[in-house]
Amino acid sequence: MLLSKTLLTGLALGASFVGAADRKNATNWPLHDNGLTDIVEWDHYSFWVNGQRLFVFSGEFHYWRFPVPELWRDLLEKIKAAGFTAFSIYNHWGYHNPKPGVLDFENGAHNFTSIMTLAKDLGLYMIIRPGPYVNAEANAGGLALWATTGAYGELRDNDPRFLDALTPYWSNVSEIIAPHLITNGGNVILFQIENEYSEQWLDEETKEPNTSGQEYMQYLEDVSRENGIDAPLIHNLPNMNGHSWSRDLSNATGNVDVIGLDSYPTCWTCNVSECVETNGEYIPYNTLNYYDFFKSLSPTQPSFMPEFQGGSYNPWGGPQGGCPDDLGPDFANLFYRNLIYQEVSAISLYMLFGGTSWGWHAAPVVATSYDYSSPISENRLLIEKYYETKLLTQFTRIAQDLSKVNRVGNSTKYSSNAAISVSELRNPDTGSAFYVTQHEYTPSGTVEKFKVNVKTSDGPLVIPQYGAEVTLNGHQSKIIVTDFKFGSKSLLYSTAEVLTYALIDGKEVLALWVPTGESGEFAIKGVNSAKFVGKGSSANVQIHSGENNVTISYMQRSGMSLVEVDDGTRVVLLDRSAAHLFWSPALTNDPLEAGNNTVLIHGPYLVRSAQLSGCDLQLTGDIRNSTKISIFAPVSTCSVSWNGKTLSVVPSDGGVLTTTLESGVKFELPEITGWKYADSLPEIADDYAATSKAWIAATKQNSSNPTTPAPNNPVLYVDEYGVHVGNHIYRATFSVADEPPTGIYLDIMGGLAFGYSVWLNSEFIGSWLGTPTADQMGQTFSFSNATLNTESNTLVVVMDNSGHDLRAGALYPRGIKNATLVGPGTYSFTEWKIAGSAGHEDPVRGPVNEGSLYAERLGIHLPGYSFDKAENLPSNSTSLTVPGAGIRVFRTVVPLSVPSGLDVSISFRLTAPSNETFTSAKGYTNQLRALLFVNGYQFGRFNPYIGHQIDFPVPPGILDYTGDNTLAVTIWSQSADGAEMKVDWNVDYVHESAYDMNFDGAYLRPEWTEKRLEYA
């Protein structure tokens, strides 16, 4: 069946490659489609969508890291407001298919269809990437965890066992996506097959095929097609390593329609030493050469980055807050413009919003936070990097000529300063050009001044002609335009960067920006005079009239000012800070809207939307404090409202409406009090019976896993018994002969930063504390501090599982590889049992949310559980303690009452004595592993001995903003000295918002049921 599908699809795709070049005037570059639709086409220049060229500027987020469907719109409104034309998501096989035969696309955040509906409603194109392998620093790279045992083969190849395993998910996810494709009236334009899989060739030079990899890729393509996917198929190659899957290079099996590239030029992790082998020596702000690679990989396709660095993940032991120093606003400014410098016309940032690896979604490389130094922070805050990125995305949205350019040249010869290199990009149809300027040596942070040699419709020019030279101050880049169309007007040139424009009342309003203290100069064709409008000035303006143009040169001061040209065209001059808060919301949901149906607003923290209802202009957005706003709207506007409240606006010079949005709101959290606690490790007690539904007898003698377990005990890999995430508990028994054992050797595999502790007959005998770099540890634990019984002894091992590795490493098992009693005799265990979890009883949160600790199995962390038999902490207690080695669960219920109209971001702070935020009175240590549960969701993994994260944002919906919230903390002390920690919560920000954060999210917080008692 596989071969017949391959042949059929290969013939169809091959036939469709003959494009319609003459039909779309794509001279010398054929316009391609996939033979199934011409709604999305492409050529050497860019994608062509619905009859119009599109510069794709996208960014990624993961709904399974953000499990509140009501907040997905909040996030997408922020993406749209910044000027992005698209966004991207990964789906997650393991999240939707937790065990064989169980598929969940319905419960809670598992139902992702609203994201595709929102894309249509808001006017954003969508790139969807369903895997089945996604990497994403996710547990096993997003593969179903049950498929990592070795029983399904080596993974990601044509092994029938693996194909049979993935087919139910792959068929269903394709079928769910199909109605939302652009071919069916939706906004999904591209569908990715697999991820970072450069496995087409055994030998690339000789084109010796890797049959296994090719047939695997073709199978995924065929099944997706059979289930309704007729949009173009894409793939992303990692790090310019290899030339797989490109139809420009071969007709080989498995080729996709459009091939793209992943690249993380700084480093995909805060630990830059991990990237040296791939990226070479780490040099901050060092850009890479993509231009030549795309010319060799896909010469008739657009230069496409399905993943380009939006930030870096923070590994175990990394710095609190991540590594934004080299990934902040300067990174966004330089590197994203550098892609345009290299003629890239389709970009998707990874990540635009990282979110949180709640539960055990993360692989061992990353702990709880997946903030990723993204433009939108983990707590949904818009940071400076967002605003800096917005300066470019607003521009690319309206710079329609940029979607079809040739790089005419790139060198320092364009510049009067040899330290500055310029890339000339020119549209062959309109003659408009984009001169992208940057330091010749991009790691340089010097201040450089220069003029630029350009070619315009009025002939060659050296610009600026009148004003001070162009400045690049540090790690910056600028895009200088010539013959730039905005509405019916044309900029002959501008050394100030174009931000955006709108056509209002038939007249153009153009926004330009340069940093404070720098010069700008622009010339508008077809007019010959201009004047400064308004009282005072944020720019020192000089006007130079010509026969057929007017040139304005100026020195930018702080803020915003306005110039009006003799025909009514207005030019807004902004410094960087003012440009950050300058918004251009479309009045329609057309993703291709580029200035013709737009209003302009300056001032608010966020403008979410604008709508004209008759003569009423209705604006929505968020503010942080009292804010003066300026509105460029039609003269017919009779009223303006903000979040439903009518504003008193004052017309000012230049036809600008102004008003002030008043705000002075605050919000204070109640104290967290009322803690109760109980033991969460009853399994070490002599009288504990491991007979509940949770316990699984470990009796397998053989494993399919390529990592062979030791022969002296049964298979003790947890995944072999359907136990996949969280903390695991082993319970084993053995008898003592005449010569008793003196200890036990344990070799355990748990992933980076994992750890384990061991008890014999209720006595603690030691721990492996873990390190950020060790994923396996074998050591011998002495029995000298425990009493051996003659007939039966009970060994308990508690281990942490930090998730499966990525790529082929997903097969590395988790659990005990070797458990050998040490001593002068011969010994054997009589029984091994593994505690499973009860997570499958909670389909909304899902089984990845919780592990096998007693408190989790019983459901103490869930709302509605009766904790009456627990001990009360003193009312004045500020810390949670475990007096020796062991595990306790602490629980309290705290009310919240957040007024409507506010977006209040709340985060929890977990600290231990070593954090120096409080002092341990009894000498407790920080050798602990803690889990924070909020209304049943595991939203914090705290390991102060290893580091790094102490702040854990929790979104609305998980937190009940108008009711009681159940907080639970499990503390596992790995030291006989005991452990101590403290839990606080803090308000990260308070915004007045149009977004209703008091939505009914009760369905996301299902309560405890008696079914949990079966797992005690």
# chains A, B, ... in the order shown; residues from 1 in each chain; ligands from 1
>>> residues_around(residues="region 129-143 of chain A", least_positions_apart="5", cutoff="6 Å", atoms="only C-alpha atoms", output="list in words")
Tyr90, Asn91, His92, Trp93, Gly94, Phe191, Gln192, Glu194, Asn195, His361, Ala362, Ala363, Gly803, His804, Asp805, Leu806 and Ala810 of chain A
>>> write_last_selection(atoms="N, CA and C atoms", output="PDB file, in the first residue's frame")
ATOM      1  N   TYR A  90       2.518  24.225  16.704  1.00  0.00           N
ATOM      2  CA  TYR A  90       2.736  22.785  16.679  1.00  0.00           C
ATOM      3  C   TYR A  90       1.525  22.103  17.310  1.00  0.00           C
ATOM      4  N   ASN A  91       1.114  20.987  16.741  1.00  0.00           N
ATOM      5  CA  ASN A  91       0.277  20.045  17.470  1.00  0.00           C
ATOM      6  C   ASN A  91       1.186  19.083  18.216  1.00  0.00           C
ATOM      7  N   HIS A  92       0.612  18.150  18.980  1.00  0.00           N
ATOM      8  CA  HIS A  92       1.423  17.323  19.873  1.00  0.00           C
ATOM      9  C   HIS A  92       0.786  15.938  19.962  1.00  0.00           C
ATOM     10  N   TRP A  93       1.422  14.987  19.274  1.00  0.00           N
ATOM     11  CA  TRP A  93       0.910  13.616  19.249  1.00  0.00           C
ATOM     12  C   TRP A  93       0.734  13.071  20.665  1.00  0.00           C
ATOM     13  N   GLY A  94       1.760  13.214  21.504  1.00  0.00           N
ATOM     14  CA  GLY A  94       1.692  12.658  22.848  1.00  0.00           C
ATOM     15  C   GLY A  94       0.602  13.275  23.703  1.00  0.00           C
ATOM     16  N   PHE A 191       0.908  23.469   5.645  1.00  0.00           N
ATOM     17  CA  PHE A 191       0.827  22.293   6.501  1.00  0.00           C
ATOM     18  C   PHE A 191       2.198  21.626   6.508  1.00  0.00           C
ATOM     19  N   GLN A 192       2.805  21.543   7.671  1.00  0.00           N
ATOM     20  CA  GLN A 192       4.170  20.992   7.741  1.00  0.00           C
ATOM     21  C   GLN A 192       4.152  19.489   7.991  1.00  0.00           C
ATOM     22  N   GLU A 194       6.389  16.457   9.398  1.00  0.00           N
ATOM     23  CA  GLU A 194       7.524  16.140  10.268  1.00  0.00           C
ATOM     24  C   GLU A 194       8.249  17.423  10.687  1.00  0.00           C
ATOM     25  N   ASN A 195       9.484  17.278  11.185  1.00  0.00           N
ATOM     26  CA  ASN A 195      10.194  18.437  11.719  1.00  0.00           C
ATOM     27  C   ASN A 195      11.685  18.160  11.781  1.00  0.00           C
ATOM     28  N   HIS A 361       5.468  18.326  30.284  1.00  0.00           N
ATOM     29  CA  HIS A 361       5.553  18.490  28.833  1.00  0.00           C
ATOM     30  C   HIS A 361       7.001  18.641  28.388  1.00  0.00           C
ATOM     31  N   ALA A 362       7.868  19.113  29.269  1.00  0.00           N
ATOM     32  CA  ALA A 362       9.230  19.444  28.851  1.00  0.00           C
ATOM     33  C   ALA A 362      10.118  18.216  28.810  1.00  0.00           C
ATOM     34  N   ALA A 363      11.050  18.236  27.869  1.00  0.00           N
ATOM     35  CA  ALA A 363      12.138  17.260  27.855  1.00  0.00           C
ATOM     36  C   ALA A 363      13.176  17.679  28.886  1.00  0.00           C
ATOM     37  N   GLY A 803      11.657  13.654  31.854  1.00  0.00           N
ATOM     38  CA  GLY A 803      11.173  13.557  30.483  1.00  0.00           C
ATOM     39  C   GLY A 803      12.126  12.824  29.568  1.00  0.00           C
ATOM     40  N   HIS A 804      11.606  12.415  28.439  1.00  0.00           N
ATOM     41  CA  HIS A 804      12.425  11.704  27.451  1.00  0.00           C
ATOM     42  C   HIS A 804      13.234  12.698  26.617  1.00  0.00           C
ATOM     43  N   ASP A 805      14.370  12.218  26.147  1.00  0.00           N
ATOM     44  CA  ASP A 805      15.231  13.027  25.306  1.00  0.00           C
ATOM     45  C   ASP A 805      14.576  13.259  23.944  1.00  0.00           C
ATOM     46  N   LEU A 806      15.250  14.048  23.131  1.00  0.00           N
ATOM     47  CA  LEU A 806      14.738  14.422  21.824  1.00  0.00           C
ATOM     48  C   LEU A 806      15.326  13.535  20.736  1.00  0.00           C
ATOM     49  N   ALA A 810      14.821   9.761  22.233  1.00  0.00           N
ATOM     50  CA  ALA A 810      13.528   9.477  22.859  1.00  0.00           C
ATOM     51  C   ALA A 810      13.421   8.023  23.288  1.00  0.00           C
TER      52      ALA A 810
END
>>> select_by_dssp(residues="region 300-479 of chain A", states="strand (DSSP E or B)", output="MDAnalysis selection string")
chainID A and resid 304:309 313 346:350 353 356 362 369 376 382 406:411 415 420:426 433:439 447:450 452:456 459:463 470:473 478:479
>>> residues_around(residues="region 881-883 of chain A", least_positions_apart="2", cutoff="10 Å", atoms="only C-alpha atoms", output="list of chain:residue names")
A:Tyr677, A:Asp679, A:Leu873, A:Thr878, A:Ser879, A:Ala885, A:Gly886, A:Ile887, A:Arg888, A:Val889, A:Phe890, A:Ser920, A:Lys922, A:Tyr924, A:Thr925, A:Leu928, A:Ile971, A:Trp972, A:Ser973, A:Gln974, A:Ser975, A:Ala976, A:Asp977, A:Gly978, A:Ala979, A:Glu980, A:Met981, A:Lys982
>>> atom_distance(atom1="CA of Tyr285 (chain A)", atom2="CA of Ile383 (chain A)")
20.2 Å
>>> select_by_dssp(residues="region 240-359 of chain A", states="alpha helix (DSSP H)", output="MDAnalysis selection string")
chainID A and resid 276:279 291:297 329:341
>>> write_last_selection(atoms="C-alpha atoms", output="PDB file, in the first residue's frame")
ATOM      1  CA  VAL A 276      29.304  25.279  19.352  1.00  0.00           C
ATOM      2  CA  GLU A 277      29.353  22.081  17.315  1.00  0.00           C
ATOM      3  CA  THR A 278      26.537  23.349  15.100  1.00  0.00           C
ATOM      4  CA  ASN A 279      27.083  27.114  15.045  1.00  0.00           C
ATOM      5  CA  TYR A 291      21.360  33.627   0.885  1.00  0.00           C
ATOM      6  CA  ASP A 292      23.768  31.168  -0.713  1.00  0.00           C
ATOM      7  CA  PHE A 293      22.202  28.199   1.053  1.00  0.00           C
ATOM      8  CA  PHE A 294      18.733  28.976  -0.290  1.00  0.00           C
ATOM      9  CA  LYS A 295      20.141  29.421  -3.779  1.00  0.00           C
ATOM     10  CA  SER A 296      21.531  25.879  -3.566  1.00  0.00           C
ATOM     11  CA  LEU A 297      18.548  24.338  -1.764  1.00  0.00           C
ATOM     12  CA  PRO A 329      15.534  44.409  21.339  1.00  0.00           C
ATOM     13  CA  ASP A 330      18.920  44.775  19.596  1.00  0.00           C
ATOM     14  CA  PHE A 331      18.770  41.141  18.516  1.00  0.00           C
ATOM     15  CA  ALA A 332      15.287  41.669  17.077  1.00  0.00           C
ATOM     16  CA  ASN A 333      16.365  44.835  15.301  1.00  0.00           C
ATOM     17  CA  LEU A 334      19.499  43.430  13.689  1.00  0.00           C
ATOM     18  CA  PHE A 335      18.762  39.777  12.987  1.00  0.00           C
ATOM     19  CA  TYR A 336      15.252  40.152  11.596  1.00  0.00           C
ATOM     20  CA  ARG A 337      16.357  42.912   9.229  1.00  0.00           C
ATOM     21  CA  ASN A 338      19.337  40.764   8.302  1.00  0.00           C
ATOM     22  CA  LEU A 339      16.915  38.163   6.953  1.00  0.00           C
ATOM     23  CA  ILE A 340      15.508  40.816   4.637  1.00  0.00           C
ATOM     24  CA  TYR A 341      19.120  41.773   3.808  1.00  0.00           C
TER      25      TYR A 341
END
>>> atom_distance(atom1="CA of Pro100 (chain A)", atom2="CA of Asn172 (chain A)")
14.0 Å
>>> residues_around(residues="Thr962 (chain A)", least_positions_apart="3", cutoff="10 Å", atoms="only C-alpha atoms", output="PyMOL selection string")
chain A and resi 895-900+959+965+997-1000
>>> write_last_selection(atoms="N, CA and C atoms", output="PDB file, in the first residue's frame")
ATOM      1  N   PRO A 895      -8.881  32.672  48.425  1.00  0.00           N
ATOM      2  CA  PRO A 895      -9.848  33.325  47.544  1.00  0.00           C
ATOM      3  C   PRO A 895      -9.204  34.423  46.706  1.00  0.00           C
ATOM      4  N   LEU A 896      -9.800  34.669  45.557  1.00  0.00           N
ATOM      5  CA  LEU A 896      -9.438  35.797  44.710  1.00  0.00           C
ATOM      6  C   LEU A 896     -10.707  36.538  44.310  1.00  0.00           C
ATOM      7  N   SER A 897     -10.571  37.842  44.181  1.00  0.00           N
ATOM      8  CA  SER A 897     -11.679  38.654  43.688  1.00  0.00           C
ATOM      9  C   SER A 897     -11.090  39.778  42.851  1.00  0.00           C
ATOM     10  N   VAL A 898     -10.894  39.482  41.581  1.00  0.00           N
ATOM     11  CA  VAL A 898     -10.305  40.451  40.659  1.00  0.00           C
ATOM     12  C   VAL A 898     -11.435  41.192  39.952  1.00  0.00           C
ATOM     13  N   PRO A 899     -11.476  42.509  40.051  1.00  0.00           N
ATOM     14  CA  PRO A 899     -12.562  43.258  39.403  1.00  0.00           C
ATOM     15  C   PRO A 899     -12.541  43.047  37.887  1.00  0.00           C
ATOM     16  N   SER A 900     -13.736  43.082  37.307  1.00  0.00           N
ATOM     17  CA  SER A 900     -13.813  42.990  35.848  1.00  0.00           C
ATOM     18  C   SER A 900     -13.141  44.201  35.229  1.00  0.00           C
ATOM     19  N   LEU A 959      -6.119  29.887  37.420  1.00  0.00           N
ATOM     20  CA  LEU A 959      -6.551  30.595  38.619  1.00  0.00           C
ATOM     21  C   LEU A 959      -7.985  31.067  38.430  1.00  0.00           C
ATOM     22  N   ASN A 965      -9.264  29.229  45.274  1.00  0.00           N
ATOM     23  CA  ASN A 965      -8.196  28.564  44.537  1.00  0.00           C
ATOM     24  C   ASN A 965      -7.459  27.593  45.449  1.00  0.00           C
ATOM     25  N   MET A 997     -11.115  38.909  31.656  1.00  0.00           N
ATOM     26  CA  MET A 997     -10.372  37.870  32.343  1.00  0.00           C
ATOM     27  C   MET A 997     -11.223  37.126  33.380  1.00  0.00           C
ATOM     28  N   ASN A 998     -12.469  37.551  33.537  1.00  0.00           N
ATOM     29  CA  ASN A 998     -13.365  36.868  34.472  1.00  0.00           C
ATOM     30  C   ASN A 998     -14.299  35.910  33.747  1.00  0.00           C
ATOM     31  N   PHE A 999     -13.795  35.333  32.659  1.00  0.00           N
ATOM     32  CA  PHE A 999     -14.566  34.334  31.933  1.00  0.00           C
ATOM     33  C   PHE A 999     -14.797  33.112  32.814  1.00  0.00           C
ATOM     34  N   ASP A1000     -15.773  32.332  32.467  1.00  0.00           N
ATOM     35  CA  ASP A1000     -16.104  31.134  33.237  1.00  0.00           C
ATOM     36  C   ASP A1000     -15.172  30.002  32.814  1.00  0.00           C
TER      37      ASP A1000
END
>>> closest_residue(among="A:Asp43, A:Glu469, A:Glu668, A:Asp996", to="Gly517 (chain A)", atoms="only C-alpha atoms")
A:Glu469
>>> residues_around(residues="region 446-457 of chain A", least_positions_apart="2", cutoff="7 Å", atoms="only C-alpha atoms", output="number ranges by chain")
A: 414-417, 444, 459-464, 469-474, 482-483, 492
>>> write_last_selection(atoms="N, CA and C atoms", output="PDB file, in the first residue's frame")
ATOM      1  N   TYR A 414      28.222  50.685  -1.319  1.00  0.00           N
ATOM      2  CA  TYR A 414      27.039  51.553  -1.294  1.00  0.00           C
ATOM      3  C   TYR A 414      27.181  52.662  -0.255  1.00  0.00           C
ATOM      4  N   SER A 415      28.076  52.453   0.706  1.00  0.00           N
ATOM      5  CA  SER A 415      28.161  53.335   1.871  1.00  0.00           C
ATOM      6  C   SER A 415      29.406  54.201   1.808  1.00  0.00           C
ATOM      7  N   SER A 416      29.297  55.398   2.391  1.00  0.00           N
ATOM      8  CA  SER A 416      30.470  56.264   2.503  1.00  0.00           C
ATOM      9  C   SER A 416      31.382  55.834   3.634  1.00  0.00           C
ATOM     10  N   ASN A 417      30.970  54.823   4.381  1.00  0.00           N
ATOM     11  CA  ASN A 417      31.720  54.328   5.538  1.00  0.00           C
ATOM     12  C   ASN A 417      31.990  52.849   5.321  1.00  0.00           C
ATOM     13  N   SER A 444      29.959  43.916  15.571  1.00  0.00           N
ATOM     14  CA  SER A 444      30.422  45.239  15.990  1.00  0.00           C
ATOM     15  C   SER A 444      29.273  46.034  16.592  1.00  0.00           C
ATOM     16  N   GLY A 459      17.071  59.286 -10.736  1.00  0.00           N
ATOM     17  CA  GLY A 459      18.483  59.107 -10.997  1.00  0.00           C
ATOM     18  C   GLY A 459      19.264  58.765  -9.742  1.00  0.00           C
ATOM     19  N   PRO A 460      20.567  58.547  -9.872  1.00  0.00           N
ATOM     20  CA  PRO A 460      21.399  58.210  -8.706  1.00  0.00           C
ATOM     21  C   PRO A 460      21.459  59.377  -7.721  1.00  0.00           C
ATOM     22  N   LEU A 461      21.468  59.034  -6.456  1.00  0.00           N
ATOM     23  CA  LEU A 461      21.568  60.038  -5.407  1.00  0.00           C
ATOM     24  C   LEU A 461      22.497  59.539  -4.318  1.00  0.00           C
ATOM     25  N   VAL A 462      23.087  60.475  -3.617  1.00  0.00           N
ATOM     26  CA  VAL A 462      23.800  60.170  -2.380  1.00  0.00           C
ATOM     27  C   VAL A 462      22.957  60.766  -1.258  1.00  0.00           C
ATOM     28  N   ILE A 463      22.454  59.930  -0.395  1.00  0.00           N
ATOM     29  CA  ILE A 463      21.522  60.401   0.643  1.00  0.00           C
ATOM     30  C   ILE A 463      22.087  60.108   2.021  1.00  0.00           C
ATOM     31  N   PRO A 464      21.739  61.016   2.960  1.00  0.00           N
ATOM     32  CA  PRO A 464      20.867  62.186   2.826  1.00  0.00           C
ATOM     33  C   PRO A 464      21.546  63.300   2.015  1.00  0.00           C
ATOM     34  N   GLU A 469      24.240  62.780   8.538  1.00  0.00           N
ATOM     35  CA  GLU A 469      24.384  61.424   8.026  1.00  0.00           C
ATOM     36  C   GLU A 469      23.497  60.427   8.788  1.00  0.00           C
ATOM     37  N   VAL A 470      23.275  59.289   8.150  1.00  0.00           N
ATOM     38  CA  VAL A 470      22.569  58.184   8.790  1.00  0.00           C
ATOM     39  C   VAL A 470      23.448  57.636   9.909  1.00  0.00           C
ATOM     40  N   THR A 471      22.822  57.225  10.988  1.00  0.00           N
ATOM     41  CA  THR A 471      23.554  56.675  12.131  1.00  0.00           C
ATOM     42  C   THR A 471      23.110  55.246  12.401  1.00  0.00           C
ATOM     43  N   LEU A 472      24.080  54.369  12.601  1.00  0.00           N
ATOM     44  CA  LEU A 472      23.824  53.054  13.202  1.00  0.00           C
ATOM     45  C   LEU A 472      24.519  53.052  14.551  1.00  0.00           C
ATOM     46  N   ASN A 473      23.722  53.023  15.592  1.00  0.00           N
ATOM     47  CA  ASN A 473      24.237  53.141  16.958  1.00  0.00           C
ATOM     48  C   ASN A 473      24.219  51.781  17.624  1.00  0.00           C
ATOM     49  N   GLY A 474      25.342  51.065  17.563  1.00  0.00           N
ATOM     50  CA  GLY A 474      25.423  49.754  18.192  1.00  0.00           C
ATOM     51  C   GLY A 474      24.916  48.659  17.282  1.00  0.00           C
ATOM     52  N   THR A 482      13.592  53.510  -1.363  1.00  0.00           N
ATOM     53  CA  THR A 482      13.517  54.445  -2.487  1.00  0.00           C
ATOM     54  C   THR A 482      12.321  54.055  -3.348  1.00  0.00           C
ATOM     55  N   ASP A 483      11.670  55.056  -3.914  1.00  0.00           N
ATOM     56  CA  ASP A 483      10.483  54.850  -4.740  1.00  0.00           C
ATOM     57  C   ASP A 483       9.488  53.918  -4.058  1.00  0.00           C
ATOM     58  N   LEU A 492      10.379  59.243  -2.741  1.00  0.00           N
ATOM     59  CA  LEU A 492      11.569  59.108  -3.577  1.00  0.00           C
ATOM     60  C   LEU A 492      12.649  58.384  -2.793  1.00  0.00           C
TER      61      LEU A 492
END
>>> closest_atom_pairs(of="region 472-495 of chain A", to="region 585-601 of chain A", cutoff="12 Å", atoms="only C-alpha atoms", output="CSV")
residue,atom,partner,partner_atom,distance
A:Lys485,CA,A:Gly595,CA,11.3
A:Phe486,CA,A:Gly595,CA,8.2
A:Gly487,CA,A:Asn596,CA,7.5
A:Ser488,CA,A:Asn596,CA,10.6
>>> closest_residue(among="A:Ser212, A:Ser198, A:Asn876, A:Gln394", to="Gly153 (chain A)", atoms="only C-alpha atoms")
A:Ser212
>>> closest_residue(among="A:Ser837, A:Glu440, A:Lys404, A:Leu166", to="Ser692 (chain A)", atoms="only C-alpha atoms")
A:Ser837
